[in-house]
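Down below is the structure, laid out as structure tokens.
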Amino acid sequence: MAHLGQVAYPDAEVEQIQSMGTILNGVDQTVLCNMMFSNGSLSPGQKGMLQFYVTGSANTEERVTIQGSKGRIVLDGPAHVPSKVRVFVDEGRGKTSQQVHDFPLPDDAFLAPWNYPGSIGFTYEIEEVCKALKRGDKQCAQFTWDHSIQLAAMIDEIIKQTRGNAAINTVNGGEEKVCA
Amino acid sequence: MEDPEVDVVYVGSIADQHAKMTKMCLEAGKPTVCEKPLTLNTKDTVELVQFARDNDVFLLEGMWTRFFPAMAKVNGIISSGEIGNVINVQGDFGWYNVDCPFPEDRIWNPSSGGMTYDIGMVSPKDIFSLISSNDYSLSDHSKYIAAVHGASWTSGVS
């Protein structure tokens with residue numbers, strides 16, 4: 001989920017992270033996170049926010065909403081394998097016009113059933129890697145080395161705030177506990 | 001690693017082995033895609049990226065969601081200004097893990113388990129279904145999956 005900040009605020013930096021969560025079997029189970037990003041070039045004078053939660057205690061809807069000053073983008077669940085982009089353009093309070101862009105995933109009927117939905121979508125990444133290798137590129141523009149480093153820094157901070165050092169080796173015998 | 005027929009390596013082990021295995025692949029000069037998270041901390045990620053840069057080897061953290069055509073559309077809408085300045089992004093992601101056996105399931109691994117590493121970044125896993133589908137050709141120039149190596153954190157078996 002944290003990578004969505006890079007999608008919404010492409011050249012911005014992370015300014016603040018607030019994270020809290022519960023611990024199950026010694027590891028983070030339900031984690032709630034708020035982030036604030038610096039002004040990016042797409043939004044001069046505008047801080048960017050990101051709110052998300054992850055959990056192992058439920059299968060969630062997994063919807064993503066990107067709210068802009070003039071409208072919003074909604075990715076219906078499961079949003080980590082998106083196939084539909086709905087765009088709502090603001091026309092006053094409570095009024096929007098809607099456009100739907102469909103990107104159906106490749107036909108995977110010839111393959112064995114997947115463990116998880118949308119897995120045929122791995123082919124998009126595979127194809128881009130093949131193209132990059134043919135061009136002699138060392139990175140993919142969709143997710144660069146700088147993206148990896150920025151994301152790692154976000155995850156470091158979330159883990160630090162959520163688990164704390166003391167929680168790492170705690171086994172709670174299946175009882176979910178609040179991490180201070 | 002020394003097989004010239006291998007075009008690219010996908011590291012799909014559990015997360016606490018990612019940095020080590022990815023480094024091995026890069027040292028062998030193999031273009032490498034590693035399941036997210038690439039490593040378990042910023043320091044190791046910076047080191048791997050620097051190694052790839054210094055040795056001019058392809059490296060990608062497998063953030064597969066970013067490669068979907070729908071995400072390219074999202075990028076286009078945002079940069080076009082169609083929805084104005086982005087104010088906030090909200091999302092949720094959960095999969096029910098309480099049935100996963102403790103302690104052997106990777107999700108309870110003390111060093112790399114937990115939901116932040118698993119899906120706080122986004123979500124992994126089904127590449128193994130592609131791997132197990134023997135007749136699936138990766139692309140026009142690639143061959144097939146050459147080998148699958150795995151490691152269990154409880155048994156130490158690779």
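Here, A, B, ... name the chains of the structure tokens in the order displayed, residue numbers run from 1 inside each chain, and ligands are numbered from 1 in the same displayed order.
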
Which residues of chain B have any atom within 7 Å of an atom in chain A when counting only C-alpha atoms, and what is the closest pair of atoms for each, with the distance in Å to one decimal? Order the rows by chain and rising number and write it as JSON lines.
```
{"residue": "B:Asn41", "atom": "CA", "partner": "A:Asp156", "partner_atom": "CA", "distance": 5.9}
{"residue": "B:Thr42", "atom": "CA", "partner": "A:Ala152", "partner_atom": "CA", "distance": 4.9}
{"residue": "B:Thr45", "atom": "CA", "partner": "A:Ile149", "partner_atom": "CA", "distance": 6.1}
{"residue": "B:Val46", "atom": "CA", "partner": "A:Ile149", "partner_atom": "CA", "distance": 6.2}
{"residue": "B:Val49", "atom": "CA", "partner": "A:Trp145", "partner_atom": "CA", "distance": 6.3}
{"residue": "B:Asp56", "atom": "CA", "partner": "A:Lys138", "partner_atom": "CA", "distance": 6.8}
{"residue": "B:Val57", "atom": "CA", "partner": "A:Lys138", "partner_atom": "CA", "distance": 5.9}
{"residue": "B:Phe58", "atom": "CA", "partner": "A:Lys138", "partner_atom": "CA", "distance": 3.9}
{"residue": "B:Leu59", "atom": "CA", "partner": "A:Gln139", "partner_atom": "CA", "distance": 6.1}
{"residue": "B:Leu60", "atom": "CA", "partner": "A:Gln139", "partner_atom": "CA", "distance": 6.3}
{"residue": "B:Glu61", "atom": "CA", "partner": "A:Ser148", "partner_atom": "CA", "distance": 6.8}
{"residue": "B:Met63", "atom": "CA", "partner": "A:Phe143", "partner_atom": "CA", "distance": 6.8}
{"residue": "B:Trp64", "atom": "CA", "partner": "A:Glu125", "partner_atom": "CA", "distance": 5.6}
{"residue": "B:Thr65", "atom": "CA", "partner": "A:His80", "partner_atom": "CA", "distance": 5.5}
{"residue": "B:Arg66", "atom": "CA", "partner": "A:Gln142", "partner_atom": "CA", "distance": 5.9}
{"residue": "B:Phe67", "atom": "CA", "partner": "A:Glu125", "partner_atom": "CA", "distance": 5.3}
{"residue": "B:Phe68", "atom": "CA", "partner": "A:Tyr124", "partner_atom": "CA", "distance": 6.0}
{"residue": "B:Pro69", "atom": "CA", "partner": "A:Phe103", "partner_atom": "CA", "distance": 6.6}
{"residue": "B:Ala70", "atom": "CA", "partner": "A:Ser83", "partner_atom": "CA", "distance": 5.8}
{"residue": "B:Asn75", "atom": "CA", "partner": "A:Val7", "partner_atom": "CA", "distance": 6.6}
{"residue": "B:Ser79", "atom": "CA", "partner": "A:Leu42", "partner_atom": "CA", "distance": 6.7}
{"residue": "B:Ile83", "atom": "CA", "partner": "A:Gly71", "partner_atom": "CA", "distance": 4.4}
{"residue": "B:Gly84", "atom": "CA", "partner": "A:Lys70", "partner_atom": "CA", "distance": 4.7}
{"residue": "B:Asn85", "atom": "CA", "partner": "A:Ser43", "partner_atom": "CA", "distance": 5.1}
{"residue": "B:Val86", "atom": "CA", "partner": "A:Gly68", "partner_atom": "CA", "distance": 3.9}
{"residue": "B:Ile87", "atom": "CA", "partner": "A:Gly68", "partner_atom": "CA", "distance": 5.2}
{"residue": "B:Asn88", "atom": "CA", "partner": "A:Met49", "partner_atom": "CA", "distance": 4.5}
{"residue": "B:Val89", "atom": "CA", "partner": "A:Ile66", "partner_atom": "CA", "distance": 4.5}
{"residue": "B:Gln90", "atom": "CA", "partner": "A:Gln51", "partner_atom": "CA", "distance": 4.8}
{"residue": "B:Gly91", "atom": "CA", "partner": "A:Val64", "partner_atom": "CA", "distance": 4.4}
{"residue": "B:Asp92", "atom": "CA", "partner": "A:Glu62", "partner_atom": "CA", "distance": 4.9}
{"residue": "B:Phe93", "atom": "CA", "partner": "A:Glu62", "partner_atom": "CA", "distance": 4.8}
{"residue": "B:Gly94", "atom": "CA", "partner": "A:Thr55", "partner_atom": "CA", "distance": 4.5}
{"residue": "B:Trp95", "atom": "CA", "partner": "A:Asn59", "partner_atom": "CA", "distance": 4.2}
{"residue": "B:Tyr96", "atom": "CA", "partner": "A:Ala58", "partner_atom": "CA", "distance": 4.5}
{"residue": "B:Asn97", "atom": "CA", "partner": "A:Gly56", "partner_atom": "CA", "distance": 4.9}
{"residue": "B:Val98", "atom": "CA", "partner": "A:Ser57", "partner_atom": "CA", "distance": 6.3}
{"residue": "B:Trp108", "atom": "CA", "partner": "A:Val27", "partner_atom": "CA", "distance": 6.3}
{"residue": "B:Pro110", "atom": "CA", "partner": "A:Ile168", "partner_atom": "CA", "distance": 6.2}
{"residue": "B:Gly113", "atom": "CA", "partner": "A:Val27", "partner_atom": "CA", "distance": 6.3}
{"residue": "B:Gly114", "atom": "CA", "partner": "A:Asp28", "partner_atom": "CA", "distance": 4.6}
{"residue": "B:Met115", "atom": "CA", "partner": "A:Gln29", "partner_atom": "CA", "distance": 5.5}
{"residue": "B:Thr116", "atom": "CA", "partner": "A:Asp28", "partner_atom": "CA", "distance": 6.8}
{"residue": "B:Ile119", "atom": "CA", "partner": "A:Val54", "partner_atom": "CA", "distance": 6.8}
{"residue": "B:Gly120", "atom": "CA", "partner": "A:Met1", "partner_atom": "CA", "distance": 5.1}
{"residue": "B:Met121", "atom": "CA", "partner": "A:Met1", "partner_atom": "CA", "distance": 5.1}
{"residue": "B:Val122", "atom": "CA", "partner": "A:Met1", "partner_atom": "CA", "distance": 5.1}
{"residue": "B:Ser123", "atom": "CA", "partner": "A:His80", "partner_atom": "CA", "distance": 6.9}
{"residue": "B:Asp126", "atom": "CA", "partner": "A:Ser119", "partner_atom": "CA", "distance": 5.8}
{"residue": "B:Ser129", "atom": "CA", "partner": "A:Trp114", "partner_atom": "CA", "distance": 6.4}
{"residue": "B:Leu138", "atom": "CA", "partner": "A:Ile126", "partner_atom": "CA", "distance": 7.0}
{"residue": "B:Ser139", "atom": "CA", "partner": "A:Glu127", "partner_atom": "CA", "distance": 6.7}
```

All strand (DSSP E or B) residues (DSSP, backbone) inside range 2-162 of chain A, as a VMD selection string: chain A and resid 14 to 24 27 to 37 48 to 55 64 to 68 71 to 75 84 to 90 96 to 102 140 143

Give me the residues within 7 Å of Ser112 in chain B as a PDB file with N, CA and C atoms, in the first residue's frame, counting only C-alpha atoms and dropping any in the same chain fewer than 3 places off.
```pdb
ATOM      1  N   ALA B  15      11.059 -13.652   2.524  1.00  0.00           N
ATOM      2  CA  ALA B  15      11.691 -12.341   2.440  1.00  0.00           C
ATOM      3  C   ALA B  15      13.044 -12.251   3.135  1.00  0.00           C
ATOM      4  N   ASP B  16      13.274 -13.062   4.173  1.00  0.00           N
ATOM      5  CA  ASP B  16      14.554 -12.882   4.874  1.00  0.00           C
ATOM      6  C   ASP B  16      15.741 -13.420   4.071  1.00  0.00           C
ATOM      7  N   LEU B  40      15.010  -6.310   3.953  1.00  0.00           N
ATOM      8  CA  LEU B  40      14.213  -6.008   5.145  1.00  0.00           C
ATOM      9  C   LEU B  40      14.531  -4.642   5.735  1.00  0.00           C
ATOM     10  N   ASN B 109       7.301 -15.617  10.475  1.00  0.00           N
ATOM     11  CA  ASN B 109       8.757 -15.532  10.578  1.00  0.00           C
ATOM     12  C   ASN B 109       9.136 -14.276  11.370  1.00  0.00           C
ATOM     13  N   TYR B 117       5.526  -6.223   5.910  1.00  0.00           N
ATOM     14  CA  TYR B 117       6.416  -6.733   4.865  1.00  0.00           C
ATOM     15  C   TYR B 117       5.623  -7.469   3.792  1.00  0.00           C
TER      16      TYR B 117
END
```

Just want the 10 Å neighbourhood of Met1 in chain B, counted on only C-alpha atoms, with same-chain residues fewer than 3 positions away dropped. Output as a PDB file with C-alpha atoms, in the first residue's frame.
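As written to disk, out38.pdb reads:
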```
ATOM      1  CA  PRO B   4      24.379 -18.810 -20.236  1.00  0.00           C
ATOM      2  CA  GLU B   5      20.876 -19.931 -21.238  1.00  0.00           C
ATOM      3  CA  VAL B   6      19.421 -18.270 -18.141  1.00  0.00           C
ATOM      4  CA  VAL B   8      16.951 -13.553 -15.863  1.00  0.00           C
ATOM      5  CA  VAL B   9      16.499 -14.832 -12.321  1.00  0.00           C
ATOM      6  CA  MET B  24      24.342 -13.904  -5.373  1.00  0.00           C
ATOM      7  CA  CYS B  25      22.492 -13.418  -8.652  1.00  0.00           C
ATOM      8  CA  LEU B  26      23.903  -9.937  -9.218  1.00  0.00           C
ATOM      9  CA  GLU B  27      27.429 -11.167  -8.433  1.00  0.00           C
ATOM     10  CA  ALA B  28      26.956 -13.763 -11.171  1.00  0.00           C
ATOM     11  CA  GLY B  29      25.965 -10.941 -13.512  1.00  0.00           C
ATOM     12  CA  LYS B  30      22.402 -12.193 -13.912  1.00  0.00           C
TER      13      LYS B  30
END
```

Exercise: Val11 in chain B partners within 10 Å, only C-alpha atoms, chain neighbours under 2 positions left out, as a ChimeraX atom specification: /B:8-9,13-15,17-19,21-22,25,32-36,38,61-62,148-150

File dump, residues just selected, C-alpha atoms, as a short mmCIF file (atom, residue, chain, number, x, y, z; two decimals), in the first residue's frame:
```cif
data_model
loop_
_atom_site.label_atom_id
_atom_site.label_comp_id
_atom_site.auth_asym_id
_atom_site.auth_seq_id
_atom_site.Cartn_x
_atom_site.Cartn_y
_atom_site.Cartn_z
CA VAL B 8 16.95 -13.55 -15.86
CA VAL B 9 16.50 -14.83 -12.32
CA SER B 13 12.05 -17.06 -1.58
CA ILE B 14 10.69 -15.88 1.73
CA ALA B 15 11.69 -12.34 2.44
CA GLN B 17 16.53 -14.58 2.09
CA HIS B 18 15.92 -11.89 -0.56
CA ALA B 19 19.00 -9.75 0.02
CA MET B 21 19.96 -14.49 -2.91
CA THR B 22 19.65 -11.31 -4.96
CA CYS B 25 22.49 -13.42 -8.65
CA THR B 32 17.46 -10.20 -11.34
CA VAL B 33 13.87 -9.59 -10.33
CA CYS B 34 13.29 -10.02 -6.60
CA GLU B 35 9.96 -10.48 -4.93
CA LYS B 36 9.07 -7.53 -2.72
CA LEU B 38 13.75 -6.48 -1.89
CA GLU B 61 12.05 -5.17 -7.02
CA GLY B 62 8.93 -7.00 -8.17
CA VAL B 148 13.27 -23.36 -8.59
CA HIS B 149 15.17 -22.98 -5.36
CA GLY B 150 13.45 -22.50 -2.05
#
```
